[in-house]
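Undergrad: Submitted below is the structure of interest, expressed as C-alpha cells.
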Amino acid sequence: MPSRDEICSAIESYVKHLGNHDVDELLALFAEDAVQHEPLGVASYRGVEEIRRFSTGNAKVDFTVSLHTPITVTGRYAAMQLRVERAGMPAFAATDLVEFDDACRIVSLSAVIDPRALTDRAEPSA
C-alpha cells in the first residue's frame, strides 16, 4: 500500500497537471483499468482511453484549479477539495475522492462538482 506521503505527492501532481491541462502527465497517474466518475452520478469513464477522451475535452475548457483544503488520507484513499476558477464564473469548489492501488496509481476517482459551492463566500451555501 502506498504511504501517505506518496499519496499526497500523487494528488499534488494530479492537481498540477489538471490545472495546466497536461493530459499525458495526468493520465500517467492512472491505472490502466481506472474508473473516473465526473461528475459523480452523471458520467463515468472506464479505462485510460475513456479517461483520456474526457480529459482531452476537459483540457479545452478555460479553467484553473488549486487545492482548497488539506489532503485527507485514510489507507489507500484520499479526499480533497479543489478551488475551480473558470472564465465568466465565480470560483467554486469540487470535492474529489481518490482510491490508489499498491503502485500509487489512481484506480478510482469520484468528483463532486458544485458550481453553487462558491469558495469566495464567508458562509457555505445550502
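Ligands are numbered from 1 in the order shown, residues from 1 within each chain, and chains are lettered A, B, ... in the order they appear in the C-alpha cells.
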Which parts of chain A does DSSP call alpha helix (DSSP H) when run on the backbone here, written out as a PyMOL selection string?
TA: chain A and resi 4-19+23-27+47-58
Undergrad: If we count only C-alpha atoms, what is near Cys104 of chain A at a cut-off of 12 Å, once residues fewer than 5 positions away on the same chain are taken out, given as a list in words?
TA: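 Near neighbours after the sequence-gap exclusion: Met1, Pro2, Ser3, Arg4, Asp5, Glu6, Ile7, Cys8, Ser9, Ala10, Ile11, Ser13, Ala28, Leu29, Phe30, Ala31, Gly75, Arg76, Tyr77, Ala78, Val98 and Glu99 of chain A.
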Undergrad: Mind checking which residues fall within 9 Å of Leu109 of chain A, counting only C-alpha atoms, ignoring those fewer than 2 positions away in the same chain, and posting them as a PyMOL selection string?
TA: chain A and resi 34-38+96-99+106-107+111
Undergrad: When distances are computed from only C-alpha atoms, which of A:Leu26, A:Asp120, A:Thr69, A:Gly57 shows the smallest separation from Thr95 of chain A?
TA: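 Distance minimum relative to Thr95 of chain A lands on A:Thr69.
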Undergrad: Got a sec to tell me which of chain A DSSP assigns to strand (DSSP E or B), as a PyMOL selection string?
TA: chain A and resi 30-37+44-46+63-67+72-74+77-86+92-100+106-118
Undergrad: Which residue, A:Thr74, A:Ser55, A:Thr64, A:Gln81, has the smallest gap to Ala93 of chain A when you use only C-alpha atoms?
TA: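 Looking at the shortest contact to Ala93 of chain A, the residue is A:Gln81.
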Undergrad: Would you mind listing, for every residue of segment 34-102 of chain A within 10 Å of segment 20-25 of chain A, the two atoms forming the shortest contact and the distance between them in Å to one decimal, using only C-alpha atoms, sorted by chain and ascending residue number, as a tab-separated table?
TA:
```
residue	atom	partner	partner_atom	distance
A:Ile51	CA	A:Val23	CA	9.6
A:Arg52	CA	A:Val23	CA	7.0
A:Arg53	CA	A:Val23	CA	9.5
A:Phe54	CA	A:Val23	CA	9.7
A:Ser55	CA	A:Val23	CA	6.3
A:Thr56	CA	A:Val23	CA	6.3
A:Gly57	CA	A:Val23	CA	9.7
A:Asn58	CA	A:His21	CA	8.1
A:Ala59	CA	A:His21	CA	4.9
A:Lys60	CA	A:His21	CA	8.0
A:Val61	CA	A:His21	CA	9.1
A:Asp62	CA	A:His21	CA	9.4
A:Phe63	CA	A:Asn20	CA	9.0
A:Thr64	CA	A:Asn20	CA	7.3
A:Val65	CA	A:Asn20	CA	8.6
```
Undergrad: Take the residues from that selection and put them in a file with all heavy atoms, as a CSV table (one decimal), in the first residue's frame.
TA:
```
chain,number,residue,atom,x,y,z
A,51,ILE,N,-10.9,7.8,-20.1
A,51,ILE,CA,-10.5,8.9,-19.3
A,51,ILE,C,-9.7,9.9,-20.1
A,51,ILE,O,-9.8,11.1,-20.0
A,51,ILE,CB,-9.7,8.4,-18.1
A,51,ILE,CG1,-10.6,7.6,-17.2
A,51,ILE,CG2,-9.1,9.6,-17.3
A,51,ILE,CD1,-9.9,6.8,-16.1
A,52,ARG,N,-8.9,9.4,-21.1
A,52,ARG,CA,-8.1,10.3,-22.0
A,52,ARG,C,-9.0,11.2,-22.8
A,52,ARG,O,-8.8,12.4,-22.9
A,52,ARG,CB,-7.1,9.5,-22.9
A,52,ARG,CG,-6.4,10.4,-23.9
A,52,ARG,CD,-5.4,9.6,-24.7
A,52,ARG,NE,-4.4,8.9,-24.0
A,52,ARG,CZ,-3.4,9.4,-23.4
A,52,ARG,NH1,-3.1,10.7,-23.6
A,52,ARG,NH2,-2.5,8.7,-22.7
A,53,ARG,N,-10.1,10.5,-23.4
A,53,ARG,CA,-11.0,11.3,-24.2
A,53,ARG,C,-11.7,12.4,-23.4
A,53,ARG,O,-11.8,13.5,-23.8
A,53,ARG,CB,-12.0,10.4,-24.9
A,53,ARG,CG,-11.5,9.6,-26.1
A,53,ARG,CD,-12.5,8.9,-26.9
A,53,ARG,NE,-13.2,7.8,-26.2
A,53,ARG,CZ,-12.7,6.5,-26.1
A,53,ARG,NH1,-11.5,6.3,-26.6
A,53,ARG,NH2,-13.3,5.6,-25.4
A,54,PHE,N,-12.1,12.0,-22.2
A,54,PHE,CA,-12.8,13.0,-21.3
A,54,PHE,C,-11.8,14.1,-21.0
A,54,PHE,O,-12.1,15.3,-21.1
A,54,PHE,CB,-13.3,12.3,-20.0
A,54,PHE,CG,-13.7,13.3,-19.0
A,54,PHE,CD1,-14.8,14.1,-19.1
A,54,PHE,CD2,-12.8,13.5,-17.9
A,54,PHE,CE1,-15.2,15.0,-18.1
A,54,PHE,CE2,-13.2,14.5,-16.9
A,54,PHE,CZ,-14.3,15.2,-17.0
A,55,SER,N,-10.6,13.7,-20.6
A,55,SER,CA,-9.6,14.7,-20.1
A,55,SER,C,-9.1,15.6,-21.3
A,55,SER,O,-8.9,16.8,-21.1
A,55,SER,CB,-8.4,14.0,-19.5
A,55,SER,OG,-8.7,13.3,-18.4
A,56,THR,N,-9.1,15.1,-22.5
A,56,THR,CA,-8.7,15.9,-23.6
A,56,THR,C,-9.8,17.0,-23.9
A,56,THR,O,-9.4,18.1,-24.2
A,56,THR,CB,-8.5,15.0,-24.9
A,56,THR,OG1,-7.4,14.1,-24.6
A,56,THR,CG2,-8.1,15.8,-26.1
A,57,GLY,N,-11.0,16.6,-23.8
A,57,GLY,CA,-12.1,17.6,-24.0
A,57,GLY,C,-12.1,18.6,-22.9
A,57,GLY,O,-12.3,19.8,-23.1
A,58,ASN,N,-11.9,18.1,-21.6
A,58,ASN,CA,-11.8,19.0,-20.5
A,58,ASN,C,-10.7,20.0,-20.6
A,58,ASN,O,-10.8,21.1,-20.1
A,58,ASN,CB,-11.7,18.1,-19.2
A,58,ASN,CG,-12.1,18.7,-17.9
A,58,ASN,OD1,-13.0,19.5,-17.9
A,58,ASN,ND2,-11.4,18.4,-16.9
A,59,ALA,N,-9.6,19.6,-21.1
A,59,ALA,CA,-8.4,20.5,-21.3
A,59,ALA,C,-8.7,21.6,-22.2
A,59,ALA,O,-8.0,22.6,-22.1
A,59,ALA,CB,-7.2,19.7,-21.8
A,60,LYS,N,-9.7,21.6,-23.0
A,60,LYS,CA,-10.0,22.7,-23.9
A,60,LYS,C,-10.9,23.7,-23.2
A,60,LYS,O,-11.1,24.8,-23.8
A,60,LYS,CB,-10.8,22.1,-25.1
A,60,LYS,CG,-10.0,21.2,-26.0
A,60,LYS,CD,-10.8,20.6,-27.1
A,60,LYS,CE,-9.9,19.6,-27.8
A,60,LYS,NZ,-10.7,18.9,-28.9
A,61,VAL,N,-11.3,23.5,-22.0
A,61,VAL,CA,-12.1,24.4,-21.2
A,61,VAL,C,-11.1,25.4,-20.5
A,61,VAL,O,-10.1,24.9,-19.9
A,61,VAL,CB,-13.0,23.7,-20.2
A,61,VAL,CG1,-13.8,24.7,-19.4
A,61,VAL,CG2,-14.0,22.8,-21.0
A,62,ASP,N,-11.4,26.6,-20.5
A,62,ASP,CA,-10.6,27.6,-19.8
A,62,ASP,C,-10.9,27.6,-18.3
A,62,ASP,O,-11.8,28.2,-17.8
A,62,ASP,CB,-10.9,29.0,-20.4
A,62,ASP,CG,-10.0,30.1,-19.8
A,62,ASP,OD1,-8.9,29.7,-19.2
A,62,ASP,OD2,-10.3,31.3,-19.9
A,63,PHE,N,-10.0,26.9,-17.5
A,63,PHE,CA,-10.2,26.8,-16.1
A,63,PHE,C,-8.8,26.6,-15.4
A,63,PHE,O,-7.9,26.1,-16.1
A,63,PHE,CB,-11.2,25.7,-15.6
A,63,PHE,CG,-10.6,24.3,-15.8
A,63,PHE,CD1,-9.9,23.7,-14.8
A,63,PHE,CD2,-10.8,23.6,-17.0
A,63,PHE,CE1,-9.4,22.4,-14.9
A,63,PHE,CE2,-10.2,22.3,-17.1
A,63,PHE,CZ,-9.6,21.7,-16.1
A,64,THR,N,-8.7,26.9,-14.2
A,64,THR,CA,-7.6,26.6,-13.3
A,64,THR,C,-8.1,25.9,-12.1
A,64,THR,O,-9.3,26.1,-11.7
A,64,THR,CB,-6.7,27.8,-13.0
A,64,THR,OG1,-7.5,28.7,-12.2
A,64,THR,CG2,-6.2,28.5,-14.2
A,65,VAL,N,-7.3,25.1,-11.4
A,65,VAL,CA,-7.6,24.5,-10.2
A,65,VAL,C,-6.5,24.7,-9.2
A,65,VAL,O,-5.3,24.8,-9.6
A,65,VAL,CB,-8.0,23.0,-10.3
A,65,VAL,CG1,-9.2,22.8,-11.2
A,65,VAL,CG2,-6.8,22.2,-10.9
```
Undergrad: Write out as a compact mmCIF listing (two decimals) with all heavy atoms, in the first residue's frame the residues lying within 6 Å of Leu82 of chain A, counting only C-alpha atoms and excluding same-chain residues fewer than 4 positions away.
TA:
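Contents of the output file out31.txt:
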```txt
# COMPACT_ATOMS: atom_id res chain seq x y z
N SER A 66 -6.82 24.65 -7.92
CA SER A 66 -5.82 24.65 -6.85
C SER A 66 -6.44 23.93 -5.66
O SER A 66 -7.67 23.83 -5.55
CB SER A 66 -5.42 26.07 -6.47
OG SER A 66 -6.54 26.83 -6.09
N LEU A 67 -5.58 23.43 -4.78
CA LEU A 67 -6.09 22.80 -3.57
C LEU A 67 -6.77 23.85 -2.71
O LEU A 67 -6.21 24.92 -2.47
CB LEU A 67 -4.96 22.14 -2.79
CG LEU A 67 -4.50 20.79 -3.29
CD1 LEU A 67 -3.26 20.33 -2.54
CD2 LEU A 67 -5.60 19.75 -3.15
N HIS A 68 -7.96 23.55 -2.25
CA HIS A 68 -8.72 24.47 -1.41
C HIS A 68 -8.68 24.02 0.05
O HIS A 68 -8.91 24.82 0.95
CB HIS A 68 -10.17 24.54 -1.92
CG HIS A 68 -11.01 25.57 -1.27
ND1 HIS A 68 -10.68 26.91 -1.28
CD2 HIS A 68 -12.18 25.48 -0.60
CE1 HIS A 68 -11.62 27.59 -0.64
NE2 HIS A 68 -12.53 26.75 -0.20
N ALA A 93 -16.17 25.18 -5.63
CA ALA A 93 -15.50 24.02 -5.06
C ALA A 93 -15.90 22.74 -5.78
O ALA A 93 -17.05 22.58 -6.20
CB ALA A 93 -15.82 23.88 -3.58
N ALA A 94 -14.94 21.86 -5.90
CA ALA A 94 -15.16 20.49 -6.36
C ALA A 94 -14.47 19.58 -5.34
O ALA A 94 -13.34 19.86 -4.93
CB ALA A 94 -14.58 20.27 -7.75
```
Undergrad: Find, counting only C-alpha atoms, the residue in A:Val42, A:His17, A:Glu50, A:Ala79 that gets nearest to Phe100 of chain A.
TA: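 Ranked by minimum distance to Phe100 of chain A, first place goes to A:Ala79.
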Undergrad: Between atom CA of Ala43 of chain A and atom CA of Leu118 of chain A, what is the distance, to one decimal in Å?
TA: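 Computed distance, atom CA of Ala43 of chain A to atom CA of Leu118 of chain A, equals 22.6 Å.
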